[in-house]
Structures are given as C-alpha cells and as structure tokens.
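These notes are about the structure you will find just below.
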Amino acid sequence: MLYLGCPQWSSTAWKGNLLSSHCKNADMLHEYAQVFNSVEGNTSFYADPSIESLKRWRDAVNNDFKFTFKFHRRFSHELQLTNIDDELTAWFNLFEPLLPHIGQIMLQLPSSFGPAQLPLLTQFISKLPHDINYGVEVRQPEFFKKGDAEVALNQLLMGNNINRIAMDTRALFAVKANTEALIDAQQKKPHLPVHAIATGEQPMARFVIASLEHDYKSYYQPWLKKVQQWLDEGKTPFVFFHTADNRQAPLLARQFCQDLNYNHRVLSPFVGEKEATQSSLF
C-alpha cells in the first residue's frame with residue numbers, strides 16, 4: 001500500500017480543482033479523502049484539537065484513510081522530551097477517537113536537538129504505546145554526516161521500528177526566492193541533505209518544490225526508484241507533496257503517481273475537475 005497526501009486537507013485555492021467549487025470548510029476533509037488516502041496533520045504541532053474536531057474528522061473519512069499527526073511542539077521544543085509523562089498520557093487520551101485512523105504519529109525535533117540528546121529520545125520512545133506507528137524528523141546537521149551520530153540515530157530508530165522521516169527541499173531551494181510564498185517557504189523549511197533510509201516498515205518522504213513551473217522532476221526521479229523499492233520489499237511508504245503555497249500540491253502528487261505508474265485514486269479526475277467538465281457540456 002502506498003499512502004499519498006498533502007500537508008493539509010483544506011485550502012480555498014483547491015476549490016474548483018481538487019475540491020468542488022462550492023465546497024464548505026466543513027466538507028473539505030471529506031472531499032479531500034475521496035482522492036487522497038493520507039494527510040499531514042501539521043496543525044497538531046501548534047495546537048491541540050478539540051475532542052469534537054477529532055470525532056468530526058474521524059467521521060469524515062473512509063476506513064482506509066490514515067492521518068499522520070505531529071506531536072505538539074511542547075514535547076519537542078518546549079519540554080525538550082523531559083518531564084512529559086502526564087502530558088503524553090493526556091495527549092494520547094485526547095486522540096483516542098482517531099487512533100484507528102492514525103498511520104503515523106510524527107515527532108519533529110528542533111535543529112538544536114543533537115547527538116548529546118539521543119538518550120532523551122531513547123527515553124521518550126520507551127514511553128510510547130507500542131500499537132501505534134511513529135516517525136521522527138531530525139534537523140541537526142550532525143545527523144546527516146554519515147558519522148557516529150547518524151549511525152546511533154538510525155540504530156535507535158531501527159531497533160524500535162520507528163521511521164526516519166526524509167524531507168527533500170532541494171527543488172525548493174534551487175529557485176530564487178522572488179515571491180512572498182517562496183520567501184516564506186524557504187525561511188520555514190530546513191535545507192539539509194536527503195538521506196532516504198527505511199528504519200521502519202512505513203518509510204516517509206516529504207517532497208517540497210517551488211512550483212510546477214520550475215524543475216522538480218530531476219529531484220524526484222530518485223524517489224520514484226526508492227518508493228518502488230520500498231513497495232517491492234513489502235513496506236508501506238507515506239509520501240507527502242508540498243509546493244511553496246501548496247496550490248499545486250495535489251497536481252504534484254498526481255504527476256508523481258503517474259511517473260511511478262502506480263494505480264491510485266489521485267489519477268482519477270478530481271471532484272472540481274469533474275464538475276468543470278460537466279458544466280462545459282451545457
């Protein structure tokens with residue numbers, strides 16, 4: 001199984017394309033889930049959703065849809081993985097209604113989290129429920145130098161079947177930041193080497209480009225081979241697609257799937273596209 005998605009499910013820019021032209025905000029997740037089978041739940045990094053929201057999201061998707069929410073930044077950035085027992089229990093209790101729909105829970109670590117803090121990560125992992133899949137994204141340059149620090153990180157993740165998340169921003173930074181969206185994206189996204197390694201059974205890649213008008217295929221050609229390799233090995237890859245303003249993210253996902261020659265719902269006409277075709281007939 002290959003899970004494809006975008007960094008969000010709601011965008012007014014997608015109306016008339018991915019989504020129907022008159023799609024209400026409350027219906028965006030349902031329409032999004034007719035095309036994609038996963039999504040990055042980035043909002044949980046900044047704020048805890050209400051229990052009502054979680055139940056509403058659960059009811060909006062099919063049984064095969066998988067969310068990939070992030071742990072709140074208080075765990076990674078504020079508490080720095082220390083004194084988190086009560087917070088962690090409360091967080092999992094909150095998300096309980098949605099746990100059957102969780103593909104992975106992602107821990108995004110700050111760039112200040114280096115090799116010396118690996119024991120904290122080991123301790124954090126030991127506190128996690130074992131019946132859920134997890135991914136870890138590191139942003140400390142030492143973890144990308146193929147030295148002892150990276151070996152130690154990878155061994156820790158492999159030993160616990162936790163996925164090392166790969167974020168590929170090369171195509172984003174290959175373009176001069178001459179628009180507000182590009183400037184914002186390059187300021188917020190890390191610019192690090194890409195190490196496509198499967199430390200767990202659900203390897204995850206986050207692919208970020210400037211726009212479809214700039215070169216991006218040369219950057220994802222290796223990903224086509226890597227994702228196919230993971231599928232051939234029986235793994236379950238998660239691949240998420242970003243553009244600077246995410247307007248074209250669904251189209252980028254479709255193009256990737258076409259080039260991968262993988263049968264996925266993203267290859268079918270989007271809701272908004274079918275709507276436009278029907279309108280043109282009259």
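Each chain of the structure tokens is named A, B, ... in the order shown, its residues numbered from 1; ligands are numbered from 1 in display order.
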
Check your understanding: DSSP on the backbone: what in stretch 21-144 of chain A comes out helix (DSSP H, G or I), as a ChimeraX atom specification?
Key -> /A:25-32,42-45,51-60,73-78,85-94,96-101,115-126,141-144

Could the residues in this selection be written to a file with C-alpha atoms, as a PDB file, in the first residue's frame?
ATOM      1  CA  ASN A  25     -14.985  24.301   5.011  1.00  0.00           C
ATOM      2  CA  ALA A  26     -16.703  21.557   6.998  1.00  0.00           C
ATOM      3  CA  ASP A  27     -16.771  19.317   3.907  1.00  0.00           C
ATOM      4  CA  MET A  28     -13.192  19.814   2.719  1.00  0.00           C
ATOM      5  CA  LEU A  29     -11.737  16.805   4.541  1.00  0.00           C
ATOM      6  CA  HIS A  30     -14.460  14.523   3.173  1.00  0.00           C
ATOM      7  CA  GLU A  31     -13.826  15.656  -0.419  1.00  0.00           C
ATOM      8  CA  TYR A  32     -10.043  15.548   0.070  1.00  0.00           C
ATOM      9  CA  ASN A  42       0.589  19.708  10.887  1.00  0.00           C
ATOM     10  CA  THR A  43      -1.949  21.700  12.901  1.00  0.00           C
ATOM     11  CA  SER A  44      -1.477  19.426  15.925  1.00  0.00           C
ATOM     12  CA  PHE A  45       2.127  20.656  16.147  1.00  0.00           C
ATOM     13  CA  ILE A  51     -12.406  16.280  21.044  1.00  0.00           C
ATOM     14  CA  GLU A  52     -15.316  17.434  18.885  1.00  0.00           C
ATOM     15  CA  SER A  53     -12.962  18.187  15.993  1.00  0.00           C
ATOM     16  CA  LEU A  54     -11.288  14.796  16.273  1.00  0.00           C
ATOM     17  CA  LYS A  55     -14.626  12.986  16.142  1.00  0.00           C
ATOM     18  CA  ARG A  56     -15.728  15.100  13.193  1.00  0.00           C
ATOM     19  CA  TRP A  57     -12.516  14.280  11.323  1.00  0.00           C
ATOM     20  CA  ARG A  58     -12.949  10.593  12.088  1.00  0.00           C
ATOM     21  CA  ASP A  59     -16.452  10.604  10.657  1.00  0.00           C
ATOM     22  CA  ALA A  60     -15.391  12.466   7.507  1.00  0.00           C
ATOM     23  CA  ARG A  73       5.751  21.183  19.864  1.00  0.00           C
ATOM     24  CA  ARG A  74       5.598  21.363  23.665  1.00  0.00           C
ATOM     25  CA  PHE A  75       7.061  17.843  23.751  1.00  0.00           C
ATOM     26  CA  SER A  76       9.954  18.501  21.369  1.00  0.00           C
ATOM     27  CA  HIS A  77      10.649  22.224  21.623  1.00  0.00           C
ATOM     28  CA  GLU A  78       9.360  23.428  24.992  1.00  0.00           C
ATOM     29  CA  ASP A  85       4.741  11.674  31.306  1.00  0.00           C
ATOM     30  CA  ASP A  86       1.490  13.388  32.284  1.00  0.00           C
ATOM     31  CA  GLU A  87       1.413  15.469  29.100  1.00  0.00           C
ATOM     32  CA  LEU A  88       1.958  12.379  26.970  1.00  0.00           C
ATOM     33  CA  THR A  89      -0.830  10.444  28.664  1.00  0.00           C
ATOM     34  CA  ALA A  90      -3.216  13.361  28.231  1.00  0.00           C
ATOM     35  CA  TRP A  91      -2.274  13.755  24.563  1.00  0.00           C
ATOM     36  CA  PHE A  92      -2.965  10.108  23.732  1.00  0.00           C
ATOM     37  CA  ASN A  93      -6.214  10.182  25.685  1.00  0.00           C
ATOM     38  CA  LEU A  94      -7.305  13.192  23.632  1.00  0.00           C
ATOM     39  CA  GLU A  96      -8.135   8.179  21.324  1.00  0.00           C
ATOM     40  CA  PRO A  97     -11.184   8.581  18.989  1.00  0.00           C
ATOM     41  CA  LEU A  98      -8.886   8.925  15.987  1.00  0.00           C
ATOM     42  CA  LEU A  99      -6.241   6.307  16.819  1.00  0.00           C
ATOM     43  CA  PRO A 100      -7.719   3.656  14.467  1.00  0.00           C
ATOM     44  CA  HIS A 101      -7.163   6.143  11.637  1.00  0.00           C
ATOM     45  CA  PRO A 115      23.693  13.695  19.325  1.00  0.00           C
ATOM     46  CA  ALA A 116      24.063  14.526  23.017  1.00  0.00           C
ATOM     47  CA  GLN A 117      20.261  14.440  23.374  1.00  0.00           C
ATOM     48  CA  LEU A 118      19.806  10.945  21.902  1.00  0.00           C
ATOM     49  CA  PRO A 119      19.371   9.422  25.386  1.00  0.00           C
ATOM     50  CA  LEU A 120      16.344  11.692  25.814  1.00  0.00           C
ATOM     51  CA  LEU A 121      14.900  10.358  22.564  1.00  0.00           C
ATOM     52  CA  THR A 122      15.536   6.804  23.758  1.00  0.00           C
ATOM     53  CA  GLN A 123      13.678   7.530  26.974  1.00  0.00           C
ATOM     54  CA  PHE A 124      10.816   9.216  25.107  1.00  0.00           C
ATOM     55  CA  ILE A 125      10.415   6.248  22.772  1.00  0.00           C
ATOM     56  CA  SER A 126      10.236   3.883  25.759  1.00  0.00           C
ATOM     57  CA  PRO A 141      23.284  18.735  10.654  1.00  0.00           C
ATOM     58  CA  GLU A 142      25.328  16.172  12.643  1.00  0.00           C
ATOM     59  CA  PHE A 143      22.679  13.564  11.854  1.00  0.00           C
ATOM     60  CA  PHE A 144      23.355  13.974   8.121  1.00  0.00           C
TER      61      PHE A 144
END

Point to revise | DSSP-assigned strand (DSSP E or B) members of stretch 48-252 of chain A, reported as a list in words | key: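 Secondary structure check on stretch 48-252 of chain A, strand (DSSP E or B): Lys66, Phe67, Thr68, Phe69, Lys70, Ile102, Ile105, Met106, Leu107, Gln108, Tyr134, Gly135, Val136, Glu137, Asn163, Arg164, Ala166, Met167, Asp168, Met204, Ala205, Arg206, Phe207, Val208, Phe238, Val239, Phe240, Phe241 and His242 of chain A.
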
Quick one: everything within 12 Å of A:Trp14, counting only C-alpha atoms, minus sequence neighbours fewer than 3 positions away in the same chain. Send it as a CSV table (one decimal) with N, CA, C and O atoms, in the first residue's frame.
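After the write, around.csv holds the following:
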chain,number,residue,atom,x,y,z
A,6,CYS,N,-1.1,15.5,1.0
A,6,CYS,CA,-0.6,16.9,1.0
A,6,CYS,C,-0.4,17.3,2.5
A,6,CYS,O,-0.8,16.6,3.4
A,8,GLN,N,-2.0,19.5,4.1
A,8,GLN,CA,-3.2,20.0,4.7
A,8,GLN,C,-4.4,19.4,3.8
A,8,GLN,O,-4.2,18.8,2.8
A,9,TRP,N,-5.6,19.5,4.4
A,9,TRP,CA,-6.7,19.0,3.6
A,9,TRP,C,-7.7,20.1,3.2
A,9,TRP,O,-8.6,19.9,2.4
A,10,SER,N,-7.5,21.3,3.8
A,10,SER,CA,-8.4,22.4,3.5
A,10,SER,C,-7.6,23.6,2.9
A,10,SER,O,-6.6,24.1,3.5
A,11,SER,N,-8.0,24.0,1.7
A,11,SER,CA,-7.4,25.2,1.1
A,11,SER,C,-8.4,25.7,0.1
A,11,SER,O,-8.9,25.0,-0.8
A,17,ASN,N,-11.0,22.6,-8.3
A,17,ASN,CA,-9.9,21.8,-8.8
A,17,ASN,C,-9.9,20.4,-8.0
A,17,ASN,O,-10.7,19.5,-8.4
A,18,LEU,N,-9.2,20.4,-6.9
A,18,LEU,CA,-9.3,19.2,-6.1
A,18,LEU,C,-10.7,19.1,-5.5
A,18,LEU,O,-11.3,18.0,-5.4
A,19,LEU,N,-11.2,20.2,-5.0
A,19,LEU,CA,-12.5,20.2,-4.3
A,19,LEU,C,-13.5,20.9,-5.2
A,19,LEU,O,-13.2,21.6,-6.2
A,20,SER,N,-14.8,20.6,-4.9
A,20,SER,CA,-15.9,21.2,-5.6
A,20,SER,C,-15.8,22.8,-5.4
A,20,SER,O,-15.3,23.3,-4.4
A,21,SER,N,-16.3,23.5,-6.4
A,21,SER,CA,-16.2,24.9,-6.4
A,21,SER,C,-16.9,25.6,-5.2
A,21,SER,O,-16.6,26.7,-4.8
A,22,HIS,N,-18.0,24.9,-4.7
A,22,HIS,CA,-18.7,25.5,-3.6
A,22,HIS,C,-18.6,24.7,-2.3
A,22,HIS,O,-19.4,24.7,-1.4
A,23,CYS,N,-17.4,24.0,-2.2
A,23,CYS,CA,-17.2,23.2,-1.0
A,23,CYS,C,-17.1,24.0,0.3
A,23,CYS,O,-16.4,25.0,0.3
A,24,LYS,N,-17.9,23.6,1.2
A,24,LYS,CA,-17.9,24.3,2.5
A,24,LYS,C,-16.6,23.8,3.3
A,24,LYS,O,-16.1,22.7,3.1
A,25,ASN,N,-16.2,24.7,4.2
A,25,ASN,CA,-15.0,24.3,5.0
A,25,ASN,C,-15.2,23.0,5.7
A,25,ASN,O,-14.3,22.2,5.8
A,28,MET,N,-14.5,19.9,3.5
A,28,MET,CA,-13.2,19.8,2.7
A,28,MET,C,-12.5,18.5,3.0
A,28,MET,O,-11.9,17.9,2.1
A,29,LEU,N,-12.4,18.1,4.2
A,29,LEU,CA,-11.7,16.8,4.5
A,29,LEU,C,-12.4,15.6,3.8
A,29,LEU,O,-11.7,14.8,3.3
A,31,GLU,N,-14.1,15.6,1.0
A,31,GLU,CA,-13.8,15.7,-0.4
A,31,GLU,C,-12.4,15.3,-0.7
A,31,GLU,O,-12.0,14.6,-1.6
A,32,TYR,N,-11.5,15.9,0.2
A,32,TYR,CA,-10.0,15.5,0.1
A,32,TYR,C,-9.8,14.0,0.1
A,32,TYR,O,-9.0,13.5,-0.6
A,245,ASP,N,3.2,27.5,-2.0
A,245,ASP,CA,2.0,27.9,-1.4
A,245,ASP,C,0.9,26.8,-1.4
A,245,ASP,O,-0.2,27.0,-1.0
A,246,ASN,N,1.4,25.6,-1.8
A,246,ASN,CA,0.5,24.4,-1.7
A,246,ASN,C,-0.7,24.4,-2.7
A,246,ASN,O,-1.5,23.4,-2.7
A,247,ARG,N,-0.8,25.4,-3.5
A,247,ARG,CA,-1.8,25.4,-4.5
A,247,ARG,C,-1.7,24.2,-5.5
A,247,ARG,O,-2.8,23.6,-5.8
A,248,GLN,N,-0.5,23.9,-5.9
A,248,GLN,CA,-0.3,22.8,-6.9
A,248,GLN,C,0.0,21.5,-6.2
A,248,GLN,O,0.4,20.5,-7.0
A,249,ALA,N,0.0,21.4,-4.9
A,249,ALA,CA,0.4,20.2,-4.3
A,249,ALA,C,-0.4,18.9,-4.8
A,249,ALA,O,0.2,17.9,-5.0
A,250,PRO,N,-1.7,19.0,-4.9
A,250,PRO,CA,-2.4,17.8,-5.4
A,250,PRO,C,-2.0,17.4,-6.8
A,250,PRO,O,-1.9,16.2,-7.2
A,251,LEU,N,-1.7,18.4,-7.7
A,251,LEU,CA,-1.2,18.1,-9.0
A,251,LEU,C,0.2,17.5,-9.0
A,251,LEU,O,0.5,16.6,-9.9
A,270,PHE,N,-10.3,14.9,-10.3
A,270,PHE,CA,-10.7,15.4,-9.0
A,270,PHE,C,-12.1,15.9,-9.0
A,270,PHE,O,-12.7,16.1,-10.1
A,271,VAL,N,-12.7,16.1,-7.9
A,271,VAL,CA,-14.1,16.5,-7.8
A,271,VAL,C,-14.3,17.8,-8.6
A,271,VAL,O,-15.3,17.9,-9.3
A,272,GLY,N,-13.5,18.8,-8.4
A,272,GLY,CA,-13.7,20.0,-9.1
A,272,GLY,C,-13.5,19.9,-10.6
A,272,GLY,O,-14.1,20.6,-11.4
A,273,GLU,N,-12.6,19.0,-11.0
A,273,GLU,CA,-12.3,18.8,-12.4
A,273,GLU,C,-13.6,18.1,-13.1
A,273,GLU,O,-14.0,18.5,-14.2

Which residues, written as a PDB file with C-alpha atoms, in the first residue's frame, have at least one atom at most 10 Å from stretch 206-211 of chain A, with only C-alpha atoms counted and residues fewer than 4 positions away on the same chain left out?
ATOM      1  CA  GLY A   5      -1.194  13.174   0.555  1.00  0.00           C
ATOM      2  CA  CYS A   6      -0.649  16.886   1.005  1.00  0.00           C
ATOM      3  CA  PRO A   7       0.391  18.941   4.046  1.00  0.00           C
ATOM      4  CA  GLU A  40      -0.001  15.551   7.175  1.00  0.00           C
ATOM      5  CA  ILE A 165      11.303  10.972   8.038  1.00  0.00           C
ATOM      6  CA  ALA A 166      13.103  12.341   4.978  1.00  0.00           C
ATOM      7  CA  MET A 167      12.318  15.916   3.984  1.00  0.00           C
ATOM      8  CA  ASP A 168      13.554  16.792   0.486  1.00  0.00           C
ATOM      9  CA  THR A 169      13.648  20.564  -0.075  1.00  0.00           C
ATOM     10  CA  ARG A 170      16.313  20.650  -2.785  1.00  0.00           C
ATOM     11  CA  ALA A 171      13.891  21.715  -5.527  1.00  0.00           C
ATOM     12  CA  LEU A 172      12.517  24.468  -3.291  1.00  0.00           C
ATOM     13  CA  PHE A 173      15.918  25.995  -2.609  1.00  0.00           C
ATOM     14  CA  ALA A 174      17.035  25.630  -6.243  1.00  0.00           C
ATOM     15  CA  VAL A 175      14.740  28.554  -7.107  1.00  0.00           C
ATOM     16  CA  LYS A 176      15.454  32.192  -6.297  1.00  0.00           C
ATOM     17  CA  ALA A 177      13.017  33.428  -3.655  1.00  0.00           C
ATOM     18  CA  ALA A 181       5.273  32.421  -0.889  1.00  0.00           C
ATOM     19  CA  LEU A 182       8.803  31.339  -1.846  1.00  0.00           C
ATOM     20  CA  ALA A 185       8.707  28.668   2.429  1.00  0.00           C
ATOM     21  CA  GLN A 186      12.489  28.984   2.299  1.00  0.00           C
ATOM     22  CA  LYS A 189      11.742  24.799   5.669  1.00  0.00           C
ATOM     23  CA  ASP A 215      12.319  21.963 -12.485  1.00  0.00           C
ATOM     24  CA  TYR A 216      11.259  19.336  -9.978  1.00  0.00           C
ATOM     25  CA  LYS A 217      11.276  16.016 -11.827  1.00  0.00           C
ATOM     26  CA  TYR A 219      14.796  15.919  -7.956  1.00  0.00           C
ATOM     27  CA  TYR A 220      12.131  13.254  -7.540  1.00  0.00           C
ATOM     28  CA  TRP A 223      12.324   8.951  -5.197  1.00  0.00           C
ATOM     29  CA  PHE A 238       3.952   7.542   3.014  1.00  0.00           C
ATOM     30  CA  VAL A 239       4.785  10.340   0.557  1.00  0.00           C
ATOM     31  CA  PHE A 240       3.586  13.917   1.014  1.00  0.00           C
ATOM     32  CA  PHE A 241       3.816  16.691  -1.538  1.00  0.00           C
ATOM     33  CA  HIS A 242       4.309  20.404  -0.881  1.00  0.00           C
ATOM     34  CA  THR A 243       4.654  23.433  -3.115  1.00  0.00           C
ATOM     35  CA  ALA A 244       5.611  26.871  -1.829  1.00  0.00           C
ATOM     36  CA  ASP A 245       1.972  27.926  -1.412  1.00  0.00           C
ATOM     37  CA  ASN A 246       0.536  24.376  -1.741  1.00  0.00           C
ATOM     38  CA  ARG A 247      -1.844  25.415  -4.525  1.00  0.00           C
ATOM     39  CA  GLN A 248      -0.343  22.836  -6.860  1.00  0.00           C
ATOM     40  CA  ALA A 249       0.392  20.167  -4.254  1.00  0.00           C
ATOM     41  CA  LEU A 252       2.346  17.363  -7.972  1.00  0.00           C
ATOM     42  CA  ALA A 253       1.122  14.232  -6.188  1.00  0.00           C
TER      43      ALA A 253
END

Revision key, fill the gap. Here atom CA of A:Lys145 and atom CA of A:Leu109 stand apart by 17.2 Å

Review point. What does the distance from atom CA of A:Gln80 to atom CA of A:Pro237 come to in Å, to one decimal?
Key: 28.2 Å

Check your understanding: Quick one: distance from atom CA of A:Thr236 to atom CA of A:Met1 in Å, one decimal?
Key ->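 Between atom CA of A:Thr236 and atom CA of A:Met1 the gap works out to 5.4 Å.
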